[in-house]
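*Asks:* mmCIF, C-alpha atoms and all ligand atoms, saved as protein.cif, coming up:
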```cif
data_data
loop_
_atom_site.label_atom_id
_atom_site.label_comp_id
_atom_site.auth_asym_id
_atom_site.auth_seq_id
_atom_site.Cartn_x
_atom_site.Cartn_y
_atom_site.Cartn_z
CA MET I 18 -9.63 3.31 16.40
CA ILE I 19 -12.15 2.71 19.21
CA PRO I 20 -11.17 4.04 22.66
CA GLN I 21 -9.37 1.50 24.83
CA LEU I 22 -11.30 0.13 27.82
CA CYS I 23 -8.88 -1.09 30.52
CA ARG I 24 -9.62 -3.37 33.48
CA TRP I 25 -6.73 -3.27 35.97
CA GLN I 26 -6.01 -6.22 38.26
CA VAL I 27 -3.15 -5.85 40.76
CA SER I 28 -1.33 -8.86 42.22
CA PRO I 29 0.87 -8.49 45.33
CA ASN I 30 3.82 -10.47 43.97
CA PRO I 31 5.13 -12.24 40.83
CA GLU I 32 3.78 -15.63 41.95
CA SER I 33 0.21 -14.40 42.31
CA LEU I 34 0.55 -12.49 39.00
CA ARG I 35 1.61 -15.77 37.37
CA ASP I 36 -1.32 -17.64 38.90
CA ALA I 37 -3.79 -14.94 37.82
CA ALA I 38 -2.49 -15.12 34.25
CA VAL I 39 -2.65 -18.92 34.14
CA ALA I 40 -6.24 -18.76 35.41
CA VAL I 41 -7.22 -16.41 32.56
CA ILE I 42 -5.52 -18.63 29.96
CA ASP I 43 -7.12 -21.77 31.39
CA ARG I 44 -10.59 -20.19 31.42
CA GLU I 45 -10.30 -18.82 27.88
CA ALA I 46 -8.96 -22.12 26.57
CA ARG I 47 -11.79 -24.12 28.17
CA GLN I 48 -14.39 -21.73 26.78
CA ALA I 49 -12.94 -21.69 23.25
CA ILE I 50 -12.45 -25.46 23.08
CA ALA I 51 -15.94 -26.11 24.47
CA THR I 52 -17.64 -23.78 21.98
CA ARG I 53 -15.41 -23.93 18.89
CA GLY I 54 -13.20 -26.97 19.39
CA GLU I 55 -10.06 -24.84 18.99
CA PHE I 56 -8.11 -22.25 21.01
CA HIS I 57 -6.09 -19.62 19.14
CA ILE I 58 -3.67 -17.77 21.42
CA VAL I 59 -1.02 -15.14 20.65
CA LEU I 60 2.04 -15.26 22.93
CA SER I 61 3.95 -12.22 24.15
CA GLY I 62 7.72 -12.09 24.22
CA GLY I 63 10.27 -10.91 26.74
CA ASN I 64 10.95 -12.34 30.18
CA THR I 65 7.72 -11.74 32.08
CA PRO I 66 5.74 -14.63 30.52
CA ARG I 67 8.40 -17.24 31.40
CA ALA I 68 6.90 -18.18 34.78
CA VAL I 69 3.48 -18.48 33.13
CA HIS I 70 4.88 -20.70 30.36
CA GLU I 71 6.54 -22.97 32.91
CA ARG I 72 3.28 -23.30 34.87
CA LEU I 73 1.29 -24.10 31.69
CA VAL I 74 3.28 -27.31 31.25
CA SER I 75 1.10 -28.90 33.94
CA LEU I 76 -2.23 -27.49 32.67
CA LYS I 77 -4.94 -30.11 32.23
CA THR I 78 -6.20 -29.40 28.70
CA ASP I 79 -6.61 -30.88 25.23
CA TRP I 80 -3.34 -29.64 23.70
CA SER I 81 -4.42 -30.92 20.27
CA ALA I 82 -6.94 -28.05 20.16
CA TRP I 83 -4.36 -25.30 20.78
CA HIS I 84 -3.05 -23.04 17.99
CA ILE I 85 -0.08 -20.84 18.91
CA TYR I 86 0.89 -17.51 17.31
CA PHE I 87 3.46 -14.90 18.31
CA GLY I 88 2.75 -11.19 18.77
CA ASP I 89 6.25 -10.36 17.65
CA GLU I 90 9.63 -11.87 16.98
CA ARG I 91 13.21 -10.70 16.96
CA CYS I 92 15.16 -11.07 13.69
CA LEU I 93 17.73 -13.55 14.95
CA PRO I 94 18.81 -16.93 13.58
CA THR I 95 16.92 -19.93 14.82
CA PRO I 96 17.46 -21.46 17.26
CA HIS I 97 18.58 -18.50 19.33
CA PRO I 98 18.07 -18.07 23.09
CA GLU I 99 16.83 -14.51 22.59
CA ARG I 100 14.04 -15.42 20.17
CA ASN I 101 10.55 -15.26 21.66
CA SER I 102 9.58 -18.54 19.99
CA CYS I 103 12.67 -20.29 21.41
CA THR I 104 12.07 -19.13 24.97
CA ALA I 105 8.42 -20.27 24.76
CA HIS I 106 9.48 -23.60 23.26
CA ASP I 107 12.13 -24.26 25.90
CA ALA I 108 9.88 -23.40 28.85
CA TRP I 109 6.58 -24.87 27.62
CA LEU I 110 5.78 -25.64 23.97
CA GLY I 111 8.45 -28.30 23.68
CA CYS I 112 7.08 -30.06 26.77
CA VAL I 113 3.42 -30.49 25.77
CA GLY I 114 1.55 -32.18 22.93
CA ILE I 115 0.53 -29.25 20.74
CA PRO I 116 0.82 -30.50 17.11
CA PRO I 117 3.91 -28.77 15.63
CA MET I 118 1.84 -27.67 12.62
CA GLN I 119 -0.27 -25.64 15.06
CA ILE I 120 2.66 -23.68 16.45
CA HIS I 121 3.00 -20.79 14.00
CA MET I 122 6.43 -19.22 14.48
CA ILE I 123 7.30 -15.96 12.74
CA PRO I 124 10.14 -16.80 10.28
CA ALA I 125 12.14 -13.78 11.49
CA GLU I 126 15.40 -15.39 10.36
CA LEU I 127 14.32 -14.35 6.84
CA GLY I 128 14.66 -10.68 7.79
CA ALA I 129 11.90 -8.29 8.85
CA VAL I 130 10.32 -7.57 5.45
CA ARG I 131 10.14 -11.13 4.12
CA ALA I 132 9.08 -12.52 7.52
CA ALA I 133 6.24 -9.99 7.71
CA GLN I 134 5.09 -11.02 4.22
CA GLU I 135 5.19 -14.72 5.10
CA TYR I 136 3.40 -14.30 8.44
CA THR I 137 0.71 -12.20 6.75
CA LYS I 138 -0.11 -15.30 4.67
CA VAL I 139 -0.36 -17.43 7.83
CA LEU I 140 -2.76 -14.99 9.50
CA ARG I 141 -4.96 -14.79 6.39
CA GLU I 142 -6.39 -18.17 7.47
CA VAL I 143 -7.05 -16.98 11.02
CA GLY I 144 -10.07 -14.97 12.23
CA GLU I 145 -10.41 -13.37 15.62
CA PHE I 146 -7.84 -14.64 18.13
CA ASP I 147 -9.33 -16.14 21.28
CA LEU I 148 -6.67 -14.64 23.53
CA VAL I 149 -3.80 -12.22 22.91
CA MET I 150 -1.09 -11.98 25.57
CA LEU I 151 1.01 -8.82 25.59
CA GLY I 152 3.81 -7.33 27.66
CA LEU I 153 4.66 -3.71 28.39
CA GLY I 154 8.05 -2.12 27.86
CA GLU I 155 9.52 0.66 30.01
CA ASP I 156 8.83 3.12 27.17
CA GLY I 157 5.24 1.93 26.80
CA HIS I 158 5.91 -0.40 23.86
CA THR I 159 4.04 -3.63 23.41
CA ALA I 160 4.89 -6.49 21.07
CA SER I 161 7.37 -4.68 18.83
CA LEU I 162 5.29 -1.54 18.48
CA PHE I 163 7.54 1.24 19.74
CA PRO I 164 7.03 4.99 20.34
CA GLY I 165 8.00 6.97 17.25
CA HIS I 166 7.45 3.97 14.97
CA GLU I 167 4.42 2.75 12.98
CA TRP I 168 1.86 0.97 15.16
CA GLY I 169 -0.66 0.02 12.47
CA THR I 170 -3.78 1.29 14.24
CA ALA I 171 -5.91 2.02 11.16
CA GLU I 172 -8.58 -0.60 10.40
CA ASN I 173 -6.97 -1.30 7.03
CA SER I 174 -3.45 -1.61 8.46
CA PRO I 175 -1.37 -4.60 7.42
CA ASP I 176 -1.66 -7.53 9.86
CA VAL I 177 2.10 -7.78 10.26
CA LEU I 178 4.72 -5.01 10.30
CA ALA I 179 8.44 -5.10 9.56
CA VAL I 180 10.16 -3.12 12.33
CA HIS I 181 13.53 -1.42 11.75
CA ASP I 182 15.73 0.49 14.22
CA ALA I 183 13.83 -0.82 17.24
CA PRO I 184 15.10 0.85 20.44
CA LYS I 185 15.02 -2.51 22.24
CA PRO I 186 17.60 -4.84 20.67
CA PRO I 187 17.67 -6.41 18.25
CA PRO I 188 16.88 -3.50 15.95
CA GLU I 189 15.19 -5.66 13.30
CA ARG I 190 11.90 -7.19 14.40
CA VAL I 191 8.51 -8.34 13.16
CA SER I 192 5.29 -7.35 14.94
CA LEU I 193 1.60 -7.87 14.56
CA SER I 194 -0.01 -4.47 14.07
CA ALA I 195 -2.15 -2.82 16.74
CA ALA I 196 -5.19 -3.40 14.53
CA ARG I 197 -4.48 -7.14 14.22
CA LEU I 198 -3.65 -7.56 17.91
CA SER I 199 -7.01 -5.90 18.64
CA ARG I 200 -8.96 -8.47 16.60
CA ALA I 201 -9.31 -10.74 19.61
CA ARG I 202 -12.05 -11.94 21.92
CA ARG I 203 -9.79 -11.15 24.87
CA VAL I 204 -6.50 -9.27 25.32
CA MET I 205 -4.43 -9.69 28.49
CA PHE I 206 -1.39 -7.59 29.38
CA LEU I 207 1.09 -9.00 31.88
CA VAL I 208 3.17 -6.32 33.64
CA SER I 209 5.70 -6.87 36.38
CA GLY I 210 8.60 -4.99 37.94
CA ALA I 211 9.22 -1.48 39.21
CA SER I 212 10.84 -0.56 35.87
CA LYS I 213 7.35 -0.48 34.31
CA ARG I 214 5.94 1.99 36.87
CA ASP I 215 6.43 5.05 34.67
CA ALA I 216 4.84 3.42 31.63
CA VAL I 217 1.86 2.28 33.74
CA SER I 218 1.40 5.80 35.11
CA LYS I 219 1.48 7.32 31.61
CA TRP I 220 -0.99 4.69 30.40
CA ARG I 221 -3.39 5.35 33.26
CA ALA I 222 -3.08 9.11 32.75
CA GLY I 223 -4.37 8.61 29.21
CA GLU I 224 -1.11 9.30 27.40
CA LEU I 225 -0.94 7.71 23.96
CA ILE I 226 1.58 4.87 24.19
CA PRO I 227 1.70 1.78 21.97
CA ALA I 228 0.03 -0.33 24.69
CA SER I 229 -2.96 2.02 24.74
CA ALA I 230 -3.44 1.53 20.99
CA ILE I 231 -4.59 -2.07 21.51
CA ALA I 232 -8.38 -1.65 21.58
CA PRO I 233 -10.47 -4.80 21.15
CA GLN I 234 -14.27 -4.44 21.43
CA SER I 235 -14.20 -6.29 24.77
CA GLY I 236 -11.53 -4.02 26.30
CA VAL I 237 -8.21 -5.20 27.73
CA ASP I 238 -7.32 -6.81 31.04
CA VAL I 239 -4.09 -5.49 32.54
CA LEU I 240 -2.70 -7.94 35.10
CA LEU I 241 0.07 -6.18 36.97
CA GLU I 242 2.31 -6.78 39.91
CA SER I 243 1.99 -4.16 42.66
CA ALA I 244 5.69 -3.30 42.16
CA ALA I 245 4.69 -1.85 38.77
CA THR I 246 2.22 0.59 40.36
CA ASN I 247 3.10 3.87 42.04
CA SER I 248 1.77 5.31 45.26
CA ASN I 249 -1.24 7.09 43.73
CA PHE I 250 -2.51 3.92 41.98
CA LYS I 251 -6.14 3.37 43.05
C1 LIG X 301 10.07 -8.44 23.07
C2 LIG X 301 8.65 -8.39 23.56
C3 LIG X 301 8.36 -7.09 24.25
C4 LIG X 301 8.20 -7.42 25.71
C5 LIG X 301 8.29 -6.19 26.57
C6 LIG X 301 8.36 -6.58 28.04
O1 LIG X 301 10.33 -9.04 22.03
O2 LIG X 301 10.91 -7.89 23.77
O3 LIG X 301 7.73 -8.73 22.69
O4 LIG X 301 7.22 -6.42 23.80
O5 LIG X 301 6.93 -8.05 25.91
O6 LIG X 301 9.48 -5.50 26.21
O7 LIG X 301 9.50 -7.38 28.21
P1 LIG X 301 9.84 -8.01 29.65
O8 LIG X 301 8.71 -8.92 29.98
O9 LIG X 301 11.14 -8.75 29.44
O10 LIG X 301 9.94 -6.86 30.61
#
```
Please rewrite the model in this file as structure tokens.

*Replies:*
Amino acid sequence: MIPQLCRWQVSPNPESLRDAAVAVIDREARQAIATRGEFHIVLSGGNTPRAVHERLVSLKTDWSAWHIYFGDERCLPTPHPERNSCTAHDAWLGCVGIPPMQIHMIPAELGAVRAAQEYTKVLREVGEFDLVMLGLGEDGHTASLFPGHEWGTAENSPDVLAVHDAPKPPPERVSLSAARLSRARRVMFLVSGASKRDAVSKWRAGELIPASAIAPQSGVDVLLESAATNSNFK
């Protein structure tokens, strides 16, 4: 595992964090579509990305060139308001013209093991992602890679992991491995809220948390709201 290179960008409030994230997505999409005719993006789950998803509805882009993947999914029936793919669909994907065949949902309703097997087949056809979006949990987790669980950091790790007994409900999840999330031209973390302050401090102090195991060649960009930083952040 190569050491993680972090670039930290602090925004004063959630609105400017949202705008900074949309600007990164827009720039990466333009670059990928201009050079390769396609844009392959991995979406993060949880609540933080919602404002970004809602803003993307009005993005001026060629939606037919977008290919959507999910960094993780919760093993819940579909549709279900707590599924990451459902929240992204309701706020954004269902409102724009991305071809449905290019929205690759994790079939987590099959259960963690079978869904991981099926999604592994999907990713076999995919090379380096253009952009991976990730969140940060209060315990330092990212996607569904949790402390005390397998993160899949080794180069030969499976692309997709079945997650059992996750500390953040639901207990059964599916997650791309740290190795697969790191096979990306760019990785962007989006972190907001005072509840993440402790995890950010540990991360910056060099403690090994799941988020610090994501180590693409180009480093990672951590876009965070100032509320998620503590007083000695500089
Ligand atoms: C999930 C997410 C998870 C999330 C973080 C942050 O399924 O819960 O993939 O990794 O990104 O827990 O969640 P919030 O943005 O809601 O704080």

*Asks:* Give me, please, the distance in Å between CA of Pro233 in chain I and CA of Thr159 in chain I, quoted to one decimal.

*Replies:* 14.7 Å

*Asks:* Within 7 Å of ligand LIG 301 (chain X) (counting all atoms listed in the file), which residues show up? I'd like them as JSON, numbers by chain.

*Replies:* {"I": [61, 62, 63, 64, 65, 66, 88, 89, 90, 91, 101, 151, 152, 153, 154, 158, 159, 160, 161, 185]}

*Asks:* Restricting the calculation to all atoms listed in the file, which member of I:Leu110, I:Ile226, I:Val69, I:Ala179 is positioned closest to Gln21 in chain I?

*Replies:* I:Ile226

*Asks:* So which residues touch range 126-133 of chain I within 7 Å, counting only C-alpha atoms, skipping near sequence neighbours fewer than 3 positions away, as a compact mmCIF listing (two decimals) with C-alpha atoms, keeping the file's coordinate frame?

*Replies:*
```
# COMPACT_ATOMS: atom_id res chain seq x y z
CA CYS I 92 15.16 -11.07 13.69
CA LEU I 93 17.73 -13.55 14.95
CA PRO I 94 18.81 -16.93 13.58
CA THR I 95 16.92 -19.93 14.82
CA ILE I 123 7.30 -15.96 12.74
CA TYR I 136 3.40 -14.30 8.44
CA THR I 137 0.71 -12.20 6.75
CA VAL I 177 2.10 -7.78 10.26
CA LEU I 178 4.72 -5.01 10.30
CA ALA I 179 8.44 -5.10 9.56
CA VAL I 180 10.16 -3.12 12.33
CA GLU I 189 15.19 -5.66 13.30
CA ARG I 190 11.90 -7.19 14.40
CA VAL I 191 8.51 -8.34 13.16
```

*Asks:* One number please: CA of Cys112 in chain I to CA of Met205 in chain I, in Å, one decimal.

*Replies:*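 We find that CA of Cys112 in chain I and CA of Met205 in chain I lie 23.5 Å from each other.
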
*Asks:* Enumerate, in order of chain and increasing residue number, the residues of range 89-200 of chain I with an atom no farther than 12 Å from range 39-56 of chain I, each with its shortest atom pair and distance in Å to one decimal, counting only C-alpha atoms, as JSON lines.

*Replies:*
```
{"residue": "I:Ile115", "atom": "CA", "partner": "I:Phe56", "partner_atom": "CA", "distance": 11.1}
{"residue": "I:Gln119", "atom": "CA", "partner": "I:Phe56", "partner_atom": "CA", "distance": 10.4}
{"residue": "I:Ile120", "atom": "CA", "partner": "I:Phe56", "partner_atom": "CA", "distance": 11.8}
{"residue": "I:Val143", "atom": "CA", "partner": "I:Phe56", "partner_atom": "CA", "distance": 11.3}
{"residue": "I:Gly144", "atom": "CA", "partner": "I:Phe56", "partner_atom": "CA", "distance": 11.6}
{"residue": "I:Glu145", "atom": "CA", "partner": "I:Phe56", "partner_atom": "CA", "distance": 10.6}
{"residue": "I:Phe146", "atom": "CA", "partner": "I:Phe56", "partner_atom": "CA", "distance": 8.1}
{"residue": "I:Asp147", "atom": "CA", "partner": "I:Phe56", "partner_atom": "CA", "distance": 6.2}
{"residue": "I:Leu148", "atom": "CA", "partner": "I:Glu45", "partner_atom": "CA", "distance": 7.0}
{"residue": "I:Val149", "atom": "CA", "partner": "I:Ile42", "partner_atom": "CA", "distance": 9.7}
{"residue": "I:Met150", "atom": "CA", "partner": "I:Ile42", "partner_atom": "CA", "distance": 9.1}
```

*Asks:* In Å, how far is it from CA of Gly114 in chain I to CA of Ile85 in chain I?

*Replies:*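 If I compute the distance from CA of Gly114 in chain I to CA of Ile85 in chain I, I get 12.1 Å.
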
*Asks:* For a quick check of understanding, using all atoms listed in the file, which of I:Thr246, I:Ser81, I:Ser75, I:Ser235 has the smallest distance to Gly210 in chain I?

*Replies:*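 Distance minimum relative to Gly210 in chain I lands on I:Thr246.
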
*Asks:* Can you tell me which residues surround range 170-174 of chain I at a distance of at most 9 Å, considering only C-alpha atoms, apart from same-chain residues fewer than 3 positions away, and format the answer as a ChimeraX atom specification?

*Replies:* /I:18,167,177,194-197,230-231
